[in-house]
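Peer 1: Take a look at final_7.txt, compact mmCIF, C-alpha atoms:
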```txt
# COMPACT_ATOMS: atom_id res chain seq x y z
CA MET A 161 17.13 -8.46 -9.84
CA THR A 162 18.57 -5.68 -11.95
CA SER A 163 16.92 -2.49 -13.07
CA SER A 164 16.50 -4.03 -16.55
CA ASN A 165 13.89 -6.36 -15.04
CA VAL A 166 11.79 -3.48 -13.75
CA SER A 167 8.97 -2.05 -15.86
CA ALA A 168 9.02 1.57 -16.98
CA VAL A 169 6.16 2.28 -14.57
CA GLY A 170 8.10 0.56 -11.80
CA GLU A 171 11.15 2.72 -12.53
CA ARG A 172 9.06 5.90 -12.25
CA VAL A 173 7.43 4.76 -9.02
CA GLY A 174 10.83 3.82 -7.60
CA GLU A 175 12.28 7.23 -8.45
CA PHE A 176 9.22 8.89 -6.93
CA TYR A 177 9.69 7.09 -3.60
CA ASP A 178 13.46 7.61 -3.68
CA GLN A 179 12.76 11.34 -3.73
CA LEU A 180 10.32 11.00 -0.81
CA VAL A 181 12.54 8.87 1.42
CA GLY A 182 13.48 11.89 3.55
CA MET A 183 9.92 11.84 4.87
CA PHE A 184 10.88 8.69 6.79
CA ASP A 185 12.60 10.94 9.31
CA ALA A 186 9.48 13.05 9.69
CA SER A 187 6.85 10.39 9.05
CA LEU A 188 3.48 11.23 10.50
CA TYR A 189 2.52 7.55 10.25
CA GLY A 190 5.66 6.25 11.96
CA PRO A 191 7.38 3.54 9.85
CA ASN A 192 4.26 3.25 7.67
CA ILE A 193 3.09 4.83 4.45
CA HIS A 194 -0.42 3.39 4.34
CA VAL A 195 -3.63 4.86 5.73
CA GLY A 196 -4.95 4.21 9.19
CA TYR A 197 -8.14 2.68 10.53
CA TRP A 198 -10.41 4.58 12.94
CA ASN A 199 -13.47 3.15 14.66
CA SER A 200 -15.45 6.39 14.47
CA GLN A 201 -15.25 10.10 13.73
CA GLU A 202 -14.64 10.64 17.44
CA ASP A 203 -11.81 8.09 17.65
CA ALA A 204 -8.75 10.09 18.76
CA THR A 205 -6.21 7.41 17.76
CA THR A 206 -3.00 8.91 16.30
CA LEU A 207 -2.07 8.49 12.65
CA GLU A 208 0.70 6.04 13.54
CA ASP A 209 -1.45 3.93 15.86
CA ALA A 210 -4.31 3.89 13.35
CA ALA A 211 -1.89 2.68 10.65
CA ASP A 212 -0.70 -0.07 13.01
CA ARG A 213 -4.35 -1.02 13.62
CA LEU A 214 -4.87 -1.54 9.88
CA THR A 215 -1.64 -3.54 9.73
CA ASP A 216 -2.94 -5.79 12.52
CA MET A 217 -6.19 -6.32 10.63
CA MET A 218 -4.19 -7.47 7.62
CA ILE A 219 -1.94 -9.72 9.74
CA ALA A 220 -5.03 -11.51 11.08
CA ARG A 221 -6.20 -12.19 7.52
CA LEU A 222 -3.02 -14.02 6.53
CA ARG A 223 -3.50 -16.68 9.23
CA ILE A 224 0.21 -17.47 9.49
CA GLY A 225 2.59 -18.19 12.36
CA ALA A 226 6.13 -19.21 13.23
CA GLY A 227 7.68 -21.13 10.38
CA SER A 228 5.57 -19.39 7.72
CA ARG A 229 7.21 -17.45 4.90
CA VAL A 230 5.53 -14.21 3.79
CA LEU A 231 6.18 -11.89 0.84
CA ASP A 232 5.49 -8.17 1.30
CA ILE A 233 5.02 -6.67 -2.18
CA GLY A 234 5.63 -2.92 -2.00
CA CYS A 235 7.18 -2.94 1.46
CA GLY A 236 7.68 0.80 1.92
CA PHE A 237 9.90 1.56 4.90
CA GLY A 238 9.33 -1.94 6.29
CA GLY A 239 7.26 -1.10 9.36
CA PRO A 240 4.34 -3.44 8.56
CA ALA A 241 6.64 -6.38 7.66
CA ILE A 242 8.57 -5.98 10.90
CA ARG A 243 5.35 -5.80 12.89
CA LEU A 244 4.09 -8.94 11.15
CA ALA A 245 7.26 -10.87 12.04
CA GLN A 246 7.22 -9.68 15.65
CA LYS A 247 3.58 -10.66 16.15
CA THR A 248 3.62 -14.03 14.35
CA GLY A 249 7.20 -15.29 14.27
CA ALA A 250 6.97 -15.61 10.48
CA GLU A 251 9.87 -14.99 8.13
CA VAL A 252 9.19 -11.99 5.87
CA VAL A 253 10.75 -10.91 2.59
CA GLY A 254 9.85 -7.41 1.40
CA ILE A 255 10.38 -5.94 -2.04
CA SER A 256 10.25 -2.38 -3.35
CA VAL A 257 11.14 -0.60 -6.58
CA SER A 258 12.71 2.13 -4.43
CA ARG A 259 16.32 1.31 -3.55
CA LYS A 260 16.32 3.96 -0.84
CA GLN A 261 13.22 2.44 0.75
CA VAL A 262 14.96 -0.95 0.78
CA GLU A 263 18.00 0.59 2.46
CA LYS A 264 15.86 2.28 5.13
CA ALA A 265 13.76 -0.85 5.68
CA ASN A 266 16.80 -3.08 6.23
CA ALA A 267 18.22 -0.55 8.68
CA LEU A 268 14.89 -0.50 10.54
CA ALA A 269 14.84 -4.32 10.72
CA GLU A 270 18.35 -4.34 12.14
CA ALA A 271 17.45 -1.69 14.72
CA ALA A 272 14.40 -3.76 15.71
CA GLY A 273 16.56 -6.86 16.16
CA VAL A 274 14.76 -8.88 13.46
CA SER A 275 17.23 -8.66 10.57
CA GLY A 276 17.68 -12.45 10.70
CA LYS A 277 13.95 -12.92 10.13
CA VAL A 278 12.97 -9.91 8.00
CA THR A 279 14.85 -8.88 4.85
CA PHE A 280 14.15 -6.36 2.12
CA GLN A 281 15.35 -6.28 -1.47
CA TYR A 282 14.93 -4.37 -4.71
CA GLY A 283 12.37 -5.96 -6.99
CA ASP A 284 9.31 -5.42 -9.17
CA ALA A 285 5.92 -7.02 -8.50
CA MET A 286 5.40 -7.45 -12.24
CA ASP A 287 8.39 -9.82 -12.48
CA LEU A 288 9.02 -11.45 -9.10
CA ALA A 289 12.44 -13.06 -8.66
CA PHE A 290 11.08 -16.05 -6.69
CA ASP A 291 10.25 -19.63 -7.57
CA ASP A 292 6.69 -20.87 -7.89
CA GLY A 293 5.08 -21.67 -4.54
CA SER A 294 7.84 -19.98 -2.50
CA PHE A 295 5.58 -18.34 0.09
CA ASP A 296 2.83 -19.31 2.50
CA ALA A 297 1.27 -15.84 2.25
CA VAL A 298 1.57 -12.59 0.30
CA TRP A 299 0.29 -9.14 1.13
CA MET A 300 0.09 -5.91 -0.83
CA LEU A 301 -0.64 -2.87 1.34
CA GLU A 302 -1.56 0.03 -0.95
CA SER A 303 0.85 -1.17 -3.63
CA VAL A 304 -1.30 -2.84 -6.29
CA MET A 305 -2.90 0.55 -7.02
CA GLN A 306 0.44 1.78 -8.41
CA MET A 307 1.04 -1.17 -10.70
CA PRO A 308 0.40 -0.89 -14.46
CA ASP A 309 -1.74 -4.05 -14.63
CA ARG A 310 -3.57 -5.21 -11.50
CA THR A 311 -4.46 -8.64 -12.88
CA ALA A 312 -0.91 -9.35 -14.05
CA ALA A 313 0.49 -8.28 -10.67
CA LEU A 314 -2.02 -10.49 -8.86
CA ALA A 315 -1.13 -13.41 -11.14
CA GLU A 316 2.54 -13.01 -10.19
CA ALA A 317 1.54 -12.99 -6.51
CA ALA A 318 -0.51 -16.14 -7.10
CA ARG A 319 2.42 -17.81 -8.84
CA VAL A 320 4.75 -17.47 -5.84
CA LEU A 321 2.05 -18.59 -3.38
CA ARG A 322 1.98 -22.25 -2.39
CA PRO A 323 -1.31 -24.05 -3.09
CA GLY A 324 -3.67 -23.07 -0.30
CA GLY A 325 -1.64 -19.94 0.48
CA ARG A 326 -3.38 -16.65 1.26
CA LEU A 327 -3.20 -13.17 -0.21
CA ALA A 328 -4.35 -10.01 1.59
CA LEU A 329 -4.38 -6.58 -0.02
CA THR A 330 -5.79 -3.08 0.14
CA ASP A 331 -6.80 -1.05 -2.90
CA ASN A 332 -8.90 1.93 -3.93
CA TYR A 333 -12.00 1.61 -6.06
CA GLU A 334 -14.66 3.79 -7.68
CA ARG A 335 -17.28 4.00 -4.94
CA GLU A 336 -19.46 6.61 -6.61
CA GLU A 337 -19.76 7.44 -10.27
CA ILE A 338 -17.23 10.12 -11.16
CA SER A 339 -18.81 13.04 -12.98
CA GLU A 340 -17.21 14.54 -16.08
CA GLU A 341 -16.58 17.70 -14.10
CA ARG A 342 -14.80 15.87 -11.27
CA ARG A 343 -12.86 13.35 -13.35
CA PRO A 344 -9.98 15.72 -14.35
CA VAL A 345 -9.59 16.79 -10.71
CA ILE A 346 -9.35 13.20 -9.47
CA GLU A 347 -7.10 12.11 -12.32
CA ASN A 348 -4.73 14.99 -11.55
CA ILE A 349 -4.41 13.99 -7.88
CA LEU A 350 -3.91 10.30 -8.75
CA GLN A 351 -1.28 11.13 -11.37
CA ARG A 352 0.64 13.28 -8.92
CA TYR A 353 1.00 10.22 -6.70
CA LEU A 354 1.56 7.85 -9.67
CA THR A 355 -1.61 5.96 -8.77
CA GLN A 356 -3.55 4.02 -11.40
CA PRO A 357 -7.28 4.57 -12.03
CA PRO A 358 -9.46 3.03 -9.31
CA ALA A 359 -10.59 -0.58 -9.47
CA SER A 360 -14.17 -1.85 -9.49
CA PHE A 361 -15.53 -3.32 -6.25
CA GLU A 362 -18.10 -5.45 -8.06
CA THR A 363 -15.60 -7.06 -10.43
CA TYR A 364 -12.77 -7.53 -7.92
CA PRO A 365 -13.58 -11.22 -7.24
CA ALA A 366 -13.55 -11.90 -10.99
CA MET A 367 -10.19 -10.15 -11.35
CA LEU A 368 -8.74 -12.27 -8.55
CA ARG A 369 -10.16 -15.39 -10.17
CA GLN A 370 -8.60 -14.43 -13.50
CA ALA A 371 -5.25 -14.15 -11.68
CA GLY A 372 -5.63 -17.69 -10.34
CA LEU A 373 -6.98 -16.81 -6.90
CA ARG A 374 -10.27 -17.38 -5.11
CA CYS A 375 -11.70 -14.38 -3.26
CA THR A 376 -12.65 -15.22 0.33
CA GLU A 377 -13.46 -11.73 1.62
CA LEU A 378 -14.13 -8.30 0.16
CA LEU A 379 -14.75 -5.41 2.54
CA ASP A 380 -15.52 -1.73 1.99
CA VAL A 381 -13.71 0.08 4.83
CA SER A 382 -13.80 3.55 3.28
CA GLU A 383 -15.58 5.24 6.20
CA SER A 384 -12.92 4.07 8.64
CA THR A 385 -9.85 4.60 6.45
CA THR A 386 -9.47 7.07 3.60
CA LYS A 387 -12.27 9.41 4.63
CA GLN A 388 -10.65 9.74 8.04
CA SER A 389 -7.04 9.73 6.85
CA VAL A 390 -7.34 12.51 4.30
CA ARG A 391 -8.76 14.91 6.87
CA ARG A 392 -6.43 13.94 9.71
CA LEU A 393 -3.32 13.77 7.53
CA GLY A 394 -4.11 17.16 6.04
CA GLU A 395 -4.32 18.66 9.52
CA ALA A 396 -1.04 17.02 10.57
CA MET A 397 0.75 18.16 7.40
CA ALA A 398 -0.40 21.73 7.95
CA GLN A 399 1.04 21.62 11.46
CA ASN A 400 4.35 20.10 10.31
CA MET A 401 4.77 21.81 6.93
CA GLU A 402 8.20 23.31 7.65
CA GLN A 403 9.61 20.04 8.99
CA LEU A 404 8.30 18.06 6.02
CA ALA A 405 9.57 20.63 3.51
CA SER A 406 13.07 20.34 5.01
CA LYS A 407 13.14 16.56 4.49
CA VAL A 408 12.00 16.33 0.86
CA ASP A 409 13.24 17.75 -2.43
CA PRO A 410 11.47 21.14 -2.76
CA GLU A 411 10.28 20.48 -6.33
CA VAL A 412 8.72 17.16 -5.31
CA PHE A 413 7.25 18.57 -2.12
CA ASN A 414 5.63 21.48 -3.92
CA LYS A 415 4.15 19.08 -6.45
CA LEU A 416 2.58 16.87 -3.77
CA LYS A 417 1.38 19.35 -1.19
CA PRO A 418 -2.17 20.64 -1.64
CA ALA A 419 -2.41 23.92 -3.49
CA GLU A 420 -3.99 26.80 -1.64
CA GLY A 421 -7.70 26.07 -1.39
CA GLU A 422 -7.34 22.59 -2.95
CA ASN A 423 -9.51 19.87 -1.43
CA MET A 424 -7.71 16.51 -1.53
CA GLU A 425 -10.80 14.59 -0.46
CA MET A 426 -12.18 12.33 -3.16
CA PRO A 427 -15.50 10.93 -1.91
CA GLU A 428 -15.96 9.10 -5.22
CA LEU A 429 -13.08 6.78 -4.32
CA GLY A 430 -13.45 4.02 -1.76
CA TYR A 431 -10.97 1.76 0.01
CA LEU A 432 -11.26 -2.00 0.14
CA ILE A 433 -9.66 -4.98 1.83
CA ALA A 434 -9.55 -8.17 -0.20
CA THR A 435 -8.47 -11.62 0.95
CA ALA A 436 -7.97 -14.56 -1.40
CA ARG A 437 -6.53 -18.07 -1.55
CA ARG A 438 -4.61 -19.93 -4.18
CA PRO A 439 -6.64 -23.11 -4.80
CA GLU A 440 -5.12 -26.39 -3.66
CA THR A 441 -5.53 -27.76 -7.18
CA ALA A 442 -5.66 -26.08 -10.55
```
So that I can check it, write out the structure of this file as structure tokens.

Peer 2:
Amino acid sequence: MTSSNVSAVGERVGEFYDQLVGMFDASLYGPNIHVGYWNSQEDATTLEDAADRLTDMMIARLRIGAGSRVLDIGCGFGGPAIRLAQKTGAEVVGISVSRKQVEKANALAEAAGVSGKVTFQYGDAMDLAFDDGSFDAVWMLESVMQMPDRTAALAEAARVLRPGGRLALTDNYEREEISEERRPVIENILQRYLTQPPASFETYPAMLRQAGLRCTELLDVSESTTKQSVRRLGEAMAQNMEQLASKVDPEVFNKLKPAEGENMEMPELGYLIATARRPETA
């Protein structure tokens, strides 16, 4: 797939993550760039282990094993895809609009000894370069929230799923009504991370259905994920500020780091896990 096949939004997101790829060497989440899952406020699990815990929850929802073929849409540095292959024996193909992420992910797969089973390539979720019904399962870990059209992206995922295949994803949604006073603050933070406006929990099943999928599970895991991650990640970033600043372009880093006195918590936004199936028949 060439860059001409990638949407303008995809190009911007890819450039954004290309600029952040240095954080791989100082990642506070290990080879992950998604939030973690904690069982309680008192849970002392590290950021990396909590991220792996969420990955394992998503692996369980795919219900795949050796011989299965899985597509990871928005693969990041490849940590979750590699973990999935190691735990299930499945073959995994990951895509990203960041060429530097793809390069890092393939290097990580080789270092983990799974390069024959896990591969990563440049590609856009809005125009997948795969035949219909190519995969037994698809997952989207914190990637659909950065796509210009959720329903269109989900329809593409459904297209490459075999009949009966499963999709698992995470997304943010509007958990509490956003006041007029708070809306500019939240929009500013989301725009800095090139994240689309939040989805609606209530209408998520209908959106999946419109994309050709049948929702089988919809969970609000906000209390165990984003609420915990924002606080814990903020503390870790404060402790590692110099190291992080040395790994990332200064202009980008200054744009993303919290301003003095800025509160990055957004209680109005929740975090969901959705699981769906492509029906056996149309």

Peer 1: One number please: atom CA of His194 of chain A to atom CA of Met305 of chain A, in Å, one decimal.

Peer 2: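 So the answer is 12.0 Å.
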
Peer 1: So that I can check the surroundings of Gln246 of chain A, please list as number ranges by chain every protein, DNA and RNA residue that reaches within 10 Å of it, counting all atoms listed in the file and ignoring chain neighbours fewer than 4 positions away.

Peer 2: A: 226, 240-242, 250-251, 272-274, 277-278

Peer 1: With a distance cut-off of 8 Å and only C-alpha atoms, select the neighbouring residues of segment 312-314 of chain A, excluding the residue or stretch itself and same-chain residues fewer than 4 positions from it, and output the selection as a list of chain:residue names.

Peer 2: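 Neighbouring residues, sequence-local ones excluded: A:Ala285, A:Met286, A:Val304, A:Met307, A:Ala318, A:Leu368, A:Ala371.
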
Peer 1: Which one is closest to Ala271 of chain A: A:Gly430, A:Pro439, A:Gly239, A:Gly325? Count all atoms listed in the file.

Peer 2: A:Gly239

Peer 1: Would you mind listing what lies within 10 Å of Glu334 of chain A as a VMD selection string, with only C-alpha atoms counted and same-chain residues fewer than 3 positions away left out?

Peer 2: chain A and resid 337 to 338 357 to 362 426 to 431

Peer 1: Kindly extract all protein, DNA and RNA residues lying within 9 Å of the coordinates (-6.0, -18.5, -7.5) given in the file, considering all atoms listed in the file, and supply them as a list in words.

Peer 2: Ala315, Ala318, Arg319, Pro323, Gly324, Leu368, Arg369, Gln370, Ala371, Gly372, Leu373, Arg374, Cys375, Ala436, Arg437, Arg438, Pro439, Glu440 and Ala442 of chain A

Peer 1: Under the rule that only C-alpha atoms are counted, which of A:Ser256, A:Ser406, A:Gln281, A:Ser294 is the nearest residue to Arg322 of chain A?

Peer 2: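 Between A:Ser256, A:Ser406, A:Gln281, A:Ser294, the residue approaching Arg322 of chain A most closely is A:Ser294.
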
Peer 1: So which residues touch segment 199-209 of chain A within 7 Å, counting only C-alpha atoms, skipping near sequence neighbours fewer than 3 positions away, as an NGL selection string?

Peer 2: :A and (188-190 or 196 or 212-213 or 384)

Peer 1: The selected residues should be written to file as a PDB file, in the coordinates of the input (atoms: C-alpha atoms).

Peer 2:
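The new file out-v7.pdb reads:
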```
ATOM      1  CA  LEU A 188       3.480  11.230  10.500  1.00  0.00           C
ATOM      2  CA  TYR A 189       2.520   7.550  10.250  1.00  0.00           C
ATOM      3  CA  GLY A 190       5.660   6.250  11.960  1.00  0.00           C
ATOM      4  CA  GLY A 196      -4.950   4.210   9.190  1.00  0.00           C
ATOM      5  CA  ASP A 212      -0.700  -0.070  13.010  1.00  0.00           C
ATOM      6  CA  ARG A 213      -4.350  -1.020  13.620  1.00  0.00           C
ATOM      7  CA  SER A 384     -12.920   4.070   8.640  1.00  0.00           C
TER       8      SER A 384
END
```

Peer 1: Which of these, A:Val408, A:Leu268, A:Ala434, A:Ile346, has the shortest distance to Thr363 of chain A once you count only C-alpha atoms?

Peer 2: A:Ala434

Peer 1: Nearest residue to Pro365 of chain A out of A:Ile433, A:Glu341, A:Phe237, A:Gln351, using only C-alpha atoms?

Peer 2: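 Distance minimum relative to Pro365 of chain A lands on A:Ile433.
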
Peer 1: Choose the residue, out of A:Ala328, A:Ile233, A:Ile224, A:Ala289, that has the smallest atom-to-atom separation from Leu379 of chain A; count only C-alpha atoms.

Peer 2: A:Ala328

Peer 1: Counting only C-alpha atoms, figure out which residue out of A:Arg243, A:Gly249, A:Glu316, A:Gly394 gets nearest to Asp287 of chain A.

Peer 2: A:Glu316

Peer 1: Would you list the contacts of Lys247 of chain A as a PyMOL selection string, taking every protein, DNA or RNA residue within 9 Å and counting only C-alpha atoms, but skipping same-chain residues closer than 5 positions in sequence?

Peer 2: chain A and resi 216+219+225+242

Peer 1: Quick one: distance from atom CA of Gln306 of chain A to atom CA of Val169 of chain A in Å, one decimal?

Peer 2: 8.4 Å

Peer 1: Could you check how far atom CA of Gly293 of chain A sits from atom CA of Gly234 of chain A, in Å to one decimal?

Peer 2: 18.9 Å
